[in-house]
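Novice: One file is attached below, work.txt, containing compact mmCIF, C-alpha atoms and all ligand atoms.
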```
# COMPACT_ATOMS: atom_id res chain seq x y z
CA MET I 1 -20.21 8.65 -4.03
CA GLU I 2 -20.30 11.20 -1.23
CA LYS I 3 -17.11 11.09 0.84
CA LYS I 4 -17.69 11.25 4.56
CA PRO I 5 -14.95 11.28 7.18
CA PHE I 6 -14.99 8.43 9.71
CA VAL I 7 -14.34 10.96 12.46
CA THR I 8 -16.40 13.93 13.65
CA LYS I 9 -15.46 17.42 14.73
CA SER I 10 -16.23 16.69 18.38
CA GLN I 11 -14.11 13.52 18.29
CA VAL I 12 -11.19 15.48 16.83
CA GLU I 13 -11.60 18.23 19.43
CA GLU I 14 -11.32 15.54 22.07
CA ILE I 15 -8.30 13.85 20.43
CA VAL I 16 -6.28 17.08 20.05
CA ARG I 17 -6.39 17.60 23.81
CA THR I 18 -3.89 14.72 24.01
CA TYR I 19 -2.40 14.54 20.52
CA PRO I 20 -1.87 17.81 18.68
CA THR I 21 -2.38 18.07 14.93
CA PRO I 22 -1.23 17.03 12.46
CA PHE I 23 -1.70 13.27 12.80
CA HIS I 24 -2.72 10.29 10.72
CA LEU I 25 -5.77 8.57 12.13
CA TYR I 26 -6.83 5.00 11.27
CA ASP I 27 -10.29 3.49 11.56
CA GLU I 28 -10.06 0.06 13.17
CA LYS I 29 -13.69 -0.77 12.46
CA GLY I 30 -13.31 -0.01 8.75
CA ILE I 31 -10.08 -1.99 8.49
CA ARG I 32 -11.65 -5.03 10.11
CA GLU I 33 -14.88 -4.95 8.11
CA ASN I 34 -12.94 -4.66 4.87
CA ALA I 35 -10.51 -7.44 5.83
CA LYS I 36 -13.48 -9.74 6.49
CA LYS I 37 -14.99 -8.88 3.11
CA VAL I 38 -11.73 -9.67 1.34
CA LYS I 39 -11.57 -13.07 3.00
CA GLU I 40 -15.19 -13.83 2.15
CA ALA I 41 -14.71 -12.77 -1.47
CA PHE I 42 -12.04 -15.43 -1.96
CA ALA I 43 -13.40 -18.08 0.43
CA TRP I 44 -14.10 -20.30 -2.63
CA ASN I 45 -10.32 -20.79 -2.86
CA PRO I 46 -9.36 -22.78 0.26
CA ASN I 47 -5.73 -21.66 0.40
CA PHE I 48 -6.35 -18.01 -0.50
CA ARG I 49 -4.15 -15.52 1.32
CA GLU I 50 -3.78 -11.75 1.28
CA TYR I 51 -0.21 -10.66 1.97
CA PHE I 52 -0.63 -7.02 2.96
CA ALA I 53 1.86 -4.76 1.17
CA VAL I 54 3.76 -3.52 4.22
CA LYS I 55 5.13 -0.48 2.41
CA ALA I 56 1.61 0.97 2.30
CA THR I 57 1.28 1.24 6.09
CA PRO I 58 4.33 -0.13 7.91
CA ASN I 59 2.93 -0.04 11.43
CA PRO I 60 3.03 -3.14 13.68
CA TYR I 61 -0.37 -2.38 15.23
CA ILE I 62 -1.95 -2.32 11.78
CA LEU I 63 -0.15 -5.51 10.73
CA LYS I 64 -1.35 -7.24 13.87
CA ILE I 65 -4.97 -6.39 13.11
CA LEU I 66 -4.64 -8.01 9.67
CA GLN I 67 -2.83 -10.97 11.24
CA GLU I 68 -6.03 -11.79 13.13
CA TYR I 69 -7.56 -12.59 9.73
CA ASP I 70 -4.65 -14.92 8.93
CA MET I 71 -3.29 -12.41 6.44
CA GLY I 72 0.42 -12.21 5.75
CA CYS I 73 2.95 -9.51 4.86
CA ASP I 74 4.34 -8.61 1.49
CA CYS I 75 7.81 -7.18 2.10
CA SER I 76 10.34 -5.64 -0.24
CA SER I 77 13.18 -4.51 2.02
CA TYR I 78 15.25 -5.54 5.01
CA THR I 79 13.37 -3.35 7.47
CA GLU I 80 9.98 -4.51 6.20
CA LEU I 81 11.13 -8.09 6.77
CA MET I 82 12.26 -7.14 10.30
CA LEU I 83 8.84 -5.66 10.95
CA ALA I 84 7.02 -8.77 9.72
CA LYS I 85 9.23 -11.03 11.80
CA SER I 86 8.82 -8.87 14.90
CA CYS I 87 5.05 -9.03 14.57
CA GLY I 88 5.28 -12.80 14.67
CA PHE I 89 4.60 -13.61 11.02
CA ASP I 90 6.17 -16.95 10.11
CA GLY I 91 7.79 -17.65 6.74
CA LYS I 92 4.57 -18.95 5.21
CA HIS I 93 3.00 -15.57 5.96
CA ILE I 94 5.81 -13.50 4.45
CA MET I 95 6.08 -12.84 0.73
CA PHE I 96 9.31 -11.18 -0.35
CA SER I 97 8.38 -9.37 -3.56
CA SER I 98 11.35 -7.08 -4.05
CA ASN I 99 13.30 -5.84 -7.03
CA ASP I 100 16.91 -4.74 -7.50
CA THR I 101 17.43 -6.77 -4.33
CA PRO I 102 20.63 -6.52 -2.25
CA ALA I 103 22.23 -9.87 -1.36
CA GLU I 104 21.76 -9.46 2.40
CA GLU I 105 18.02 -9.04 1.91
CA PHE I 106 17.71 -12.33 0.02
CA ALA I 107 19.75 -13.96 2.80
CA TYR I 108 17.50 -12.53 5.52
CA ALA I 109 14.30 -13.46 3.66
CA ASP I 110 15.62 -17.01 3.31
CA GLU I 111 16.55 -17.11 6.99
CA LEU I 112 12.96 -16.18 7.87
CA GLY I 113 11.64 -18.85 5.51
CA ALA I 114 9.79 -16.21 3.51
CA ILE I 115 8.48 -16.98 0.04
CA ILE I 116 10.90 -15.35 -2.37
CA ASN I 117 9.44 -13.82 -5.51
CA LEU I 118 12.18 -13.27 -8.10
CA ASP I 119 11.90 -10.10 -10.12
CA ASP I 120 14.44 -11.08 -12.73
CA PHE I 121 15.97 -14.03 -14.53
CA THR I 122 19.50 -13.08 -13.39
CA HIS I 123 18.34 -13.26 -9.78
CA ILE I 124 18.33 -17.06 -9.97
CA ASP I 125 22.13 -17.16 -10.00
CA PHE I 126 22.36 -14.20 -7.66
CA LEU I 127 20.12 -15.92 -5.12
CA GLU I 128 21.91 -19.24 -5.39
CA GLU I 129 25.30 -17.59 -4.94
CA THR I 130 23.98 -15.63 -1.98
CA ILE I 131 22.23 -18.35 0.03
CA GLY I 132 23.95 -21.43 -1.39
CA HIS I 133 20.78 -23.14 -2.60
CA ILE I 134 17.43 -22.59 -4.29
CA PRO I 135 14.46 -22.66 -1.89
CA GLU I 136 11.86 -25.41 -2.30
CA THR I 137 9.12 -22.86 -2.81
CA ILE I 138 9.89 -20.06 -5.23
CA SER I 139 7.97 -17.53 -7.27
CA CYS I 140 8.74 -15.45 -10.35
CA ARG I 141 7.36 -12.10 -11.43
CA TYR I 142 5.93 -11.84 -14.92
CA ASN I 143 5.86 -8.82 -17.23
CA PRO I 144 3.94 -9.37 -20.48
CA GLY I 145 5.12 -6.04 -21.96
CA GLY I 146 2.81 -3.88 -24.05
CA VAL I 147 -0.11 -2.11 -22.43
CA PHE I 148 -2.70 -3.47 -20.04
CA GLU I 149 -6.17 -2.71 -21.30
CA LEU I 150 -9.63 -3.09 -19.81
CA SER I 151 -12.99 -2.25 -21.36
CA ASN I 152 -12.70 1.38 -20.23
CA GLY I 153 -9.29 1.87 -21.84
CA ILE I 154 -5.58 1.50 -21.21
CA MET I 155 -4.95 1.01 -17.50
CA ASP I 156 -1.18 0.89 -17.40
CA ASN I 157 1.96 0.29 -19.38
CA PRO I 158 3.86 -2.89 -18.37
CA GLY I 159 6.15 -2.53 -21.39
CA ASP I 160 7.55 0.59 -19.76
CA SER I 161 7.95 -0.82 -16.28
CA LYS I 162 11.14 -2.13 -14.71
CA TYR I 163 9.51 -5.15 -13.08
CA GLY I 164 9.31 -8.80 -13.91
CA MET I 165 10.49 -11.21 -16.60
CA THR I 166 9.44 -11.78 -20.19
CA LYS I 167 7.48 -14.92 -20.95
CA ASP I 168 10.46 -16.69 -22.52
CA GLN I 169 12.59 -15.84 -19.51
CA LEU I 170 9.86 -17.04 -17.18
CA ILE I 171 9.61 -20.46 -18.85
CA GLU I 172 13.37 -20.82 -18.84
CA ALA I 173 13.51 -19.69 -15.21
CA TYR I 174 11.08 -22.38 -14.05
CA LYS I 175 13.04 -25.08 -15.88
CA ILE I 176 16.29 -23.96 -14.26
CA LEU I 177 14.76 -23.53 -10.81
CA LYS I 178 13.28 -27.03 -11.05
CA SER I 179 16.62 -28.50 -12.07
CA LYS I 180 18.18 -26.79 -9.04
CA GLY I 181 15.76 -28.37 -6.60
CA ALA I 182 12.71 -26.09 -6.41
CA LYS I 183 9.50 -28.08 -5.85
CA LYS I 184 6.63 -25.59 -5.56
CA PHE I 185 6.20 -22.62 -7.84
CA GLY I 186 4.31 -19.38 -7.84
CA VAL I 187 3.57 -16.83 -10.54
CA HIS I 188 3.23 -13.12 -9.74
CA ALA I 189 2.30 -10.05 -11.77
CA PHE I 190 1.41 -6.45 -10.99
CA LEU I 191 0.23 -4.88 -14.24
CA ALA I 192 -1.86 -1.85 -13.30
CA SER I 193 -2.02 0.48 -10.32
CA ASN I 194 -5.03 1.94 -8.46
CA THR I 195 -7.61 0.32 -10.74
CA VAL I 196 -11.04 1.59 -9.77
CA THR I 197 -12.92 -1.12 -11.65
CA ASN I 198 -14.02 -4.63 -10.72
CA GLU I 199 -12.49 -5.91 -13.96
CA TYR I 200 -8.78 -5.70 -13.15
CA TYR I 201 -8.19 -8.79 -11.01
CA PRO I 202 -10.43 -11.05 -13.12
CA LYS I 203 -8.67 -10.00 -16.33
CA LEU I 204 -5.22 -10.32 -14.77
CA ALA I 205 -6.15 -13.65 -13.22
CA ARG I 206 -7.33 -15.08 -16.54
CA GLU I 207 -4.07 -14.00 -18.20
CA LEU I 208 -2.00 -15.57 -15.41
CA PHE I 209 -4.12 -18.74 -15.32
CA GLU I 210 -3.57 -19.24 -19.06
CA LEU I 211 0.14 -18.63 -18.53
CA VAL I 212 0.23 -21.16 -15.70
CA VAL I 213 -1.42 -23.82 -17.86
CA GLU I 214 1.24 -23.22 -20.51
CA LEU I 215 4.04 -23.22 -17.90
CA LYS I 216 2.82 -26.50 -16.51
CA GLU I 217 2.79 -28.03 -20.00
CA LYS I 218 6.21 -26.69 -20.97
CA THR I 219 8.09 -27.20 -17.71
CA GLY I 220 6.19 -29.83 -15.71
CA CYS I 221 6.52 -27.59 -12.65
CA ASP I 222 4.11 -27.97 -9.76
CA ILE I 223 2.34 -24.63 -9.62
CA ALA I 224 1.27 -23.92 -6.04
CA PHE I 225 -0.04 -20.37 -6.26
CA VAL I 226 -0.94 -17.44 -8.47
CA ASN I 227 -0.19 -14.09 -6.86
CA LEU I 228 -2.38 -11.27 -8.19
CA SER I 229 -0.31 -8.75 -6.22
CA GLY I 230 -1.65 -5.22 -5.62
CA GLY I 231 -3.31 -2.66 -7.84
CA VAL I 232 -6.91 -2.85 -6.64
CA GLY I 233 -7.78 0.79 -6.25
CA ILE I 234 -9.92 3.11 -4.20
CA PRO I 235 -12.05 6.09 -5.26
CA TYR I 236 -10.00 9.10 -4.21
CA THR I 237 -12.47 11.39 -5.98
CA PRO I 238 -16.16 11.59 -5.07
CA ASP I 239 -17.30 10.90 -8.66
CA LYS I 240 -16.02 7.30 -8.58
CA GLU I 241 -17.75 4.22 -7.25
CA PRO I 242 -15.71 1.98 -4.95
CA ASN I 243 -14.68 -1.47 -6.13
CA ASP I 244 -16.82 -4.33 -4.88
CA ILE I 245 -14.41 -6.98 -3.65
CA SER I 246 -17.08 -9.70 -3.73
CA VAL I 247 -17.68 -9.02 -7.44
CA ILE I 248 -13.90 -9.07 -7.97
CA GLY I 249 -13.59 -12.36 -6.08
CA GLU I 250 -16.38 -13.90 -8.16
CA GLY I 251 -14.75 -12.68 -11.38
CA VAL I 252 -11.51 -14.41 -10.42
CA HIS I 253 -13.51 -17.50 -9.41
CA LYS I 254 -15.14 -17.67 -12.85
CA ALA I 255 -11.78 -17.44 -14.65
CA PHE I 256 -10.42 -20.09 -12.29
CA ASP I 257 -13.28 -22.48 -13.04
CA GLU I 258 -12.96 -21.90 -16.77
CA VAL I 259 -9.17 -22.12 -17.11
CA MET I 260 -7.58 -23.78 -14.10
CA VAL I 261 -10.07 -26.47 -13.13
CA PRO I 262 -10.28 -28.08 -16.62
CA ALA I 263 -6.46 -28.13 -16.73
CA GLY I 264 -6.32 -30.10 -13.49
CA LEU I 265 -5.04 -27.06 -11.60
CA GLY I 266 -8.07 -26.68 -9.31
CA ASP I 267 -5.95 -26.87 -6.15
CA VAL I 268 -3.76 -23.85 -6.93
CA ALA I 269 -3.95 -21.12 -4.28
CA ILE I 270 -4.78 -17.49 -5.03
CA TYR I 271 -2.62 -14.94 -3.26
CA CYS I 272 -2.74 -11.18 -3.36
CA GLU I 273 -0.66 -8.32 -2.02
CA MET I 274 -3.12 -5.47 -1.74
CA GLY I 275 -1.99 -2.38 0.09
CA ARG I 276 -4.15 0.54 -1.00
CA PHE I 277 -7.42 -1.42 -0.99
CA MET I 278 -6.76 -2.81 2.52
CA LEU I 279 -5.95 0.47 4.24
CA GLY I 280 -6.34 3.51 1.97
CA PRO I 281 -9.89 4.62 2.88
CA TYR I 282 -9.41 3.73 6.55
CA GLY I 283 -6.84 6.41 7.26
CA CYS I 284 -6.94 10.19 7.11
CA LEU I 285 -4.62 13.06 7.83
CA VAL I 286 -6.08 15.52 10.33
CA THR I 287 -4.64 19.00 10.16
CA LYS I 288 -5.50 22.49 11.37
CA ALA I 289 -5.86 25.69 9.36
CA ILE I 290 -3.27 28.10 10.76
CA HIS I 291 -2.95 30.79 8.08
CA GLU I 292 -4.97 32.42 5.35
CA LYS I 293 -3.35 34.39 2.61
CA HIS I 294 -4.94 36.59 -0.03
CA ILE I 295 -2.69 37.35 -3.00
CA TYR I 296 -3.35 36.37 -6.62
CA LYS I 297 -5.16 33.35 -5.24
CA GLU I 298 -6.72 32.42 -1.93
CA TYR I 299 -4.50 30.21 0.22
CA ILE I 300 -5.18 28.28 3.38
CA GLY I 301 -2.03 27.20 5.22
CA VAL I 302 -2.36 24.10 7.38
CA ASP I 303 -0.04 22.56 9.97
CA ALA I 304 0.63 19.43 7.86
CA CYS I 305 2.79 19.47 4.75
CA ALA I 306 3.97 17.17 1.96
CA ALA I 307 6.39 15.58 4.44
CA ASN I 308 3.27 14.04 6.02
CA LEU I 309 1.55 13.18 2.75
CA MET I 310 3.55 13.28 -0.43
CA ARG I 311 1.08 12.04 -3.04
CA PRO I 312 -0.41 15.39 -4.05
CA ALA I 313 3.06 16.96 -4.38
CA ILE I 314 4.66 14.17 -6.42
CA TYR I 315 1.77 12.81 -8.48
CA GLY I 316 -0.65 15.73 -8.34
CA ALA I 317 -2.89 13.14 -6.66
CA TYR I 318 -6.36 14.20 -5.56
CA HIS I 319 -7.19 13.73 -1.89
CA HIS I 320 -10.65 14.78 -0.86
CA ILE I 321 -10.85 17.34 1.95
CA THR I 322 -13.62 17.80 4.50
CA VAL I 323 -13.70 20.82 6.80
CA LEU I 324 -14.98 19.34 10.05
CA GLY I 325 -18.19 20.86 11.33
CA LYS I 326 -18.87 22.32 7.88
CA GLU I 327 -19.87 19.07 6.18
CA ASP I 328 -23.15 20.56 5.01
CA ALA I 329 -21.97 24.12 4.34
CA PRO I 330 -21.94 25.26 0.69
CA CYS I 331 -18.57 24.86 -1.08
CA ASP I 332 -18.56 28.46 -2.25
CA HIS I 333 -14.89 29.31 -1.74
CA THR I 334 -11.95 28.38 -3.98
CA TYR I 335 -8.72 27.65 -2.16
CA ASP I 336 -5.26 26.26 -2.54
CA VAL I 337 -4.61 24.33 0.66
CA THR I 338 -0.89 24.41 1.34
CA GLY I 339 1.77 23.06 3.65
CA SER I 340 4.86 24.93 4.75
CA LEU I 341 7.60 23.36 2.63
CA CYS I 342 9.70 25.73 0.57
CA GLU I 343 8.39 23.99 -2.54
CA ASN I 344 5.45 25.33 -4.50
CA CYS I 345 4.20 21.78 -5.10
CA ASP I 346 3.43 21.49 -1.38
CA LYS I 347 -0.31 21.84 -1.90
CA PHE I 348 -2.90 19.37 -0.66
CA ALA I 349 -5.45 20.92 -2.98
CA VAL I 350 -5.37 23.38 -5.88
CA ASP I 351 -8.39 25.48 -6.85
CA ARG I 352 -10.56 23.35 -4.59
CA GLN I 353 -14.16 24.31 -3.88
CA LEU I 354 -14.56 24.24 -0.11
CA PRO I 355 -16.70 25.91 2.53
CA LYS I 356 -15.32 29.12 3.98
CA ILE I 357 -12.38 28.10 6.17
CA ASP I 358 -11.69 29.91 9.42
CA MET I 359 -8.44 29.78 11.34
CA GLY I 360 -8.48 26.86 13.76
CA ASP I 361 -10.78 24.76 11.60
CA TYR I 362 -9.82 21.11 11.40
CA LEU I 363 -9.44 19.62 7.94
CA VAL I 364 -9.68 15.91 7.22
CA ILE I 365 -7.60 14.88 4.23
CA HIS I 366 -9.17 11.61 3.12
CA ASP I 367 -7.76 8.26 2.01
CA THR I 368 -4.29 8.53 3.49
CA GLY I 369 -4.34 5.06 5.07
CA ALA I 370 -2.03 3.58 2.44
CA HIS I 371 1.06 5.19 0.91
CA GLY I 372 0.37 8.20 3.16
CA PHE I 373 2.44 8.35 6.33
CA SER I 374 4.82 5.77 4.88
CA MET I 375 5.94 8.01 2.02
CA GLY I 376 6.77 10.74 4.51
CA TYR I 377 10.15 12.36 4.57
CA ASN I 378 12.06 15.04 6.41
CA TYR I 379 12.66 17.75 3.82
CA ASN I 380 12.93 21.23 5.32
CA GLY I 381 13.57 19.54 8.65
CA ARG I 382 9.88 18.75 8.92
CA LEU I 383 9.08 15.94 11.31
CA ARG I 384 6.83 12.96 10.78
CA SER I 385 3.53 13.07 12.65
CA ALA I 386 2.03 10.61 15.08
CA GLU I 387 -0.19 7.75 13.91
CA LEU I 388 -3.33 7.16 15.94
CA LEU I 389 -5.81 4.31 15.88
CA LEU I 390 -9.50 5.07 16.38
CA LYS I 391 -10.59 1.86 18.03
CA GLU I 392 -13.91 0.13 17.59
CA ASP I 393 -15.06 1.32 21.02
CA GLY I 394 -14.40 4.95 20.04
CA SER I 395 -11.23 5.34 22.12
CA VAL I 396 -7.96 6.43 20.54
CA LYS I 397 -4.63 4.65 20.83
CA MET I 398 -1.35 6.18 19.77
CA ILE I 399 0.34 3.61 17.53
CA ARG I 400 3.37 5.71 16.64
CA ARG I 401 4.54 8.85 18.38
CA ALA I 402 5.37 12.00 16.49
CA GLU I 403 9.03 12.56 15.68
CA THR I 404 11.00 15.00 17.80
CA PRO I 405 14.01 17.08 16.78
CA GLU I 406 16.14 14.47 18.59
CA ASP I 407 14.91 11.84 16.11
CA TYR I 408 15.80 14.12 13.23
CA PHE I 409 19.33 14.63 14.52
CA ALA I 410 19.82 11.04 15.72
CA THR I 411 22.08 10.16 12.80
CA PHE I 412 24.67 12.62 14.14
CA ASP I 413 24.78 11.00 17.56
CA CYS I 414 27.91 8.99 16.78
CA PHE I 415 29.97 12.12 16.14
CA ASP I 416 31.95 13.44 19.09
CA ASP I 417 32.61 16.80 17.49
CA ILE I 418 28.98 17.60 16.66
CA LYS I 419 26.34 18.30 19.24
CA ILE I 420 22.96 19.73 18.24
CA GLU I 421 20.96 21.30 21.01
CA ARG I 422 17.85 23.36 21.47
C1 LIG I 501 3.21 -1.56 -4.01
C2 LIG I 501 3.08 -3.03 -4.17
C3 LIG I 501 1.92 -3.68 -3.78
C4 LIG I 501 0.71 -2.97 -3.26
O1 LIG I 501 0.13 -2.17 -4.21
P1 LIG I 501 -1.29 -1.44 -3.93
O2 LIG I 501 -1.49 -0.65 -5.16
O3 LIG I 501 -1.10 -0.63 -2.71
O4 LIG I 501 -2.28 -2.50 -3.74
C5 LIG I 501 1.88 -5.06 -3.90
N1 LIG I 501 2.93 -5.75 -4.39
C6 LIG I 501 4.07 -5.15 -4.78
C7 LIG I 501 5.18 -5.98 -5.29
C8 LIG I 501 4.17 -3.78 -4.70
O5 LIG I 501 5.30 -3.18 -5.10
```
Could you take the file, read its structure, and then write that structure out as structure tokens?
Specialist:
Amino acid sequence: MEKKPFVTKSQVEEIVRTYPTPFHLYDEKGIRENAKKVKEAFAWNPNFREYFAVKATPNPYILKILQEYDMGCDCSSYTELMLAKSCGFDGKHIMFSSNDTPAEEFAYADELGAIINLDDFTHIDFLEETIGHIPETISCRYNPGGVFELSNGIMDNPGDSKYGMTKDQLIEAYKILKSKGAKKFGVHAFLASNTVTNEYYPKLARELFELVVELKEKTGCDIAFVNLSGGVGIPYTPDKEPNDISVIGEGVHKAFDEVMVPAGLGDVAIYCEMGRFMLGPYGCLVTKAIHEKHIYKEYIGVDACAANLMRPAIYGAYHHITVLGKEDAPCDHTYDVTGSLCENCDKFAVDRQLPKIDMGDYLVIHDTGAHGFSMGYNYNGRLRSAELLLKEDGSVKMIRRAETPEDYFATFDCFDDIKIER
């Protein structure tokens, strides 16, 4: 499918008068329309809830948009919990799906009344020792091992992943949790990442539904929800078709009717923790071409770098690039588009066919709405950019300011013998 930016050259020219490049820009209209579609796709399940994976886009203004659709937050760290609390999410709207969890984070999650999702069997004792009891509602993360396969091949490799419990551990865990006072139980699994196919959730759901029926039989536990977690993908490359969430919702519905309803489990809620699917396509990184270099290859240097968007550098991930104002120009030049880090992997694109780029051109790097800004870091003393929200009425609101050198040096501010100045 053709990839079109949600912002035009003239809009960007207007925005940069107030907010210089680089910046991440989010599309409020797109976020809202997608959130509505997600809700509609699972409306057949009365207690359905999406807990947005906060790590994907940890910005309170974004979380508050999703809150309007009664969505919750999926947190995995102390600061993510703080963010959810500060945005006014109550415990019922906070899922704490963490792993390798420090004690103080379990304690804080419990204090907020969040739903705790245990990553490991040993965390039962750890949690009980930490908070002095087992919560009434509790969830466990499942890892079936092996590989996760769909009709188009192997999607991922749970047997190689650090998350979750084996089936035997899971059954034992529910028995123990029940004996320690837990009353309502959830099952969670995240078995494949960025799946660009409508098959993933339905297949995962069927597997978890069958597991839940077995768990119910073997433990007598009252299963309250099945959490399909994240993993619903987006088409980063133009050759892929986007997932259709209504088809996905119907696929889960069918498995539910075939497995859960006959087992008397028709009132179990479906939860999910999508990050990428909720925000990915509705954010972009806007950057300016500031250098061109002609050596053994043709390079375009931009004013953003991997500190603003790490995915290409660490995973070799493809992010589509549009040169604004040249949407219809022939892609007859081959460029590496680079940032300034002293790391040769700092390239947003390698051997990419693009229109001729002139200095001062604005480039839109697509699909940075999830796991984009949030993966940013400060290597080379590079500063994180601003985040801007393109509102439905076309106006722009700054939802996070750009970092300044003072932010970068703030962790030295408690030292009397060190003073860093311009
Ligand atoms: C990262 C993560 C998610 C979100 O994954 P997406 O691929 O962005 O949908 C959800 N749940 C957990 C536990 C995660 O670690």
Novice: Fewer than 3 positions away in the same chain doesn't count, so skip those; otherwise give me all residues within 8 Å of Ile234 in chain I, counting all atoms listed in the file, as a list of chain:residue names.
Specialist: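 Those residues are I:Asn194, I:Thr195, I:Val196, I:Pro242, I:Asn243, I:Arg276, I:Phe277, I:Gly280, I:Pro281.
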Novice: Which residues of chain I sit at most 6 Å from ligand LIG 501 (chain I), using all atoms listed in the file? Give each one's shortest atom pair and distance in Å (one decimal place), in chain and ascending residue order, as CSV.
Specialist:
```
residue,atom,partner,partner_atom,distance
I:Ala53,CA,I:LIG501,C4,4.9
I:Ala56,CA,I:LIG501,O3,5.9
I:Ser97,CA,I:LIG501,C7,5.0
I:Ser193,CA,I:LIG501,O2,5.3
I:Asn194,CA,I:LIG501,O2,5.5
I:Ser229,CA,I:LIG501,N1,4.8
I:Gly230,CA,I:LIG501,O4,3.4
I:Gly231,CA,I:LIG501,O2,3.8
I:Val232,CA,I:LIG501,O4,5.5
I:Glu273,CA,I:LIG501,C5,4.5
I:Met274,CA,I:LIG501,O4,3.7
I:Gly275,CA,I:LIG501,O3,3.4
I:Arg276,CA,I:LIG501,O3,3.7
I:Phe277,CA,I:LIG501,O4,5.9
```
Novice: Draw an axis-aligned box over all listed atoms of range 342-359 of chain I, pad each side with 4 Å, and write its centre and edge lengths in Å, one decimal, as JSON.
Specialist:
```
{"center_x": -3.5, "center_y": 24.6, "center_z": 2.2, "size_x": 34.4, "size_y": 18.5, "size_z": 26.2}
```
Novice: When you draw a straight line from CA of Val54 in chain I to CA of Lys178 in chain I, how long is it in Å?
Specialist: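 Value for the CA of Val54 in chain I-CA of Lys178 in chain I distance: 29.6 Å.
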Novice: Please provide the set of residues having any atom within 10 Å of Asn117 in chain I, restricted to only C-alpha atoms, with same-chain residues fewer than 5 positions apart removed, written as JSON, numbers by chain.
Specialist: {"I": [76, 95, 96, 97, 98, 99, 123, 137, 138, 139, 140, 141, 164, 185, 186, 187, 188, 227]}
Novice: Counting all atoms listed in the file, figure out which residue out of I:Thr287, I:Ser77, I:Thr404, I:Ser151 gets nearest to Asn378 in chain I.
Specialist: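 Ranked by minimum distance to Asn378 in chain I, first place goes to I:Thr404.
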Novice: For CA of Gln169 in chain I and CA of Asp120 in chain I, determine how far apart the two atoms are, in Å to one decimal place.
Specialist: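 Separating CA of Gln169 in chain I from CA of Asp120 in chain I is a distance of 8.5 Å.
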Novice: Need to verify the contact set: Gly376 in chain I, 7 Å, all atoms listed in the file, exclusion of same-chain residues closer than 5 positions in sequence. Can you return it as a list of chain:residue names?
Specialist: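 Here the answer would be I:Ala307, I:Asn308, I:Leu309, I:Met310, I:Arg384.
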Novice: If we draw a sphere of 12 Å around (2.5, -1.0, 10.0), which residues have at least one atom in it when counting only C-alpha atoms? Please report them as a VMD selection string.
Specialist: chain I and resid 26 52 to 67 73 to 75 79 to 84 86 to 87 275 279 369 to 374 387 to 389 399 to 400
Novice: Which polymer residues have any atom within 10 Å of an atom of Asp267 in chain I, counting all atoms listed in the file, with same-chain residues fewer than 2 positions away left out, as a PyMOL selection string?
Specialist: chain I and resi 45-47+223-225+260-261+264-265+269-270
Novice: Which one is closest to Ile357 in chain I: I:Tyr69, I:Tyr271, I:Tyr377, I:Tyr335? Count all atoms listed in the file.
Specialist: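 The answer is I:Tyr335, which sits nearest to Ile357 in chain I.
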Novice: Residues near Pro102 in chain I, anyone? I mean within 10 Å using only C-alpha atoms, not counting same-chain ones fewer than 3 positions away, as a list in words.
Specialist: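 Everything that qualifies: Ser77, Tyr78, Ser98, Asn99, Glu105, Phe106, Ala107, Phe126, Leu127 and Thr130 of chain I.
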Novice: Could you save those same residues with C-alpha atoms as a tab-separated table (two decimals), in the coordinates of the input?
Specialist:
```tsv
chain	number	residue	atom	x	y	z
I	77	SER	CA	13.18	-4.51	2.02
I	78	TYR	CA	15.25	-5.54	5.01
I	98	SER	CA	11.35	-7.08	-4.05
I	99	ASN	CA	13.30	-5.84	-7.03
I	105	GLU	CA	18.02	-9.04	1.91
I	106	PHE	CA	17.71	-12.33	0.02
I	107	ALA	CA	19.75	-13.96	2.80
I	126	PHE	CA	22.36	-14.20	-7.66
I	127	LEU	CA	20.12	-15.92	-5.12
I	130	THR	CA	23.98	-15.63	-1.98
```
Novice: Counting all atoms listed in the file, which residue out of I:Lys254, I:Lys391, I:His333, I:His24 sits closest to Cys284 in chain I?
Specialist: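 When distances to Cys284 in chain I are compared using all atoms listed in the file, the smallest one comes from I:His24.
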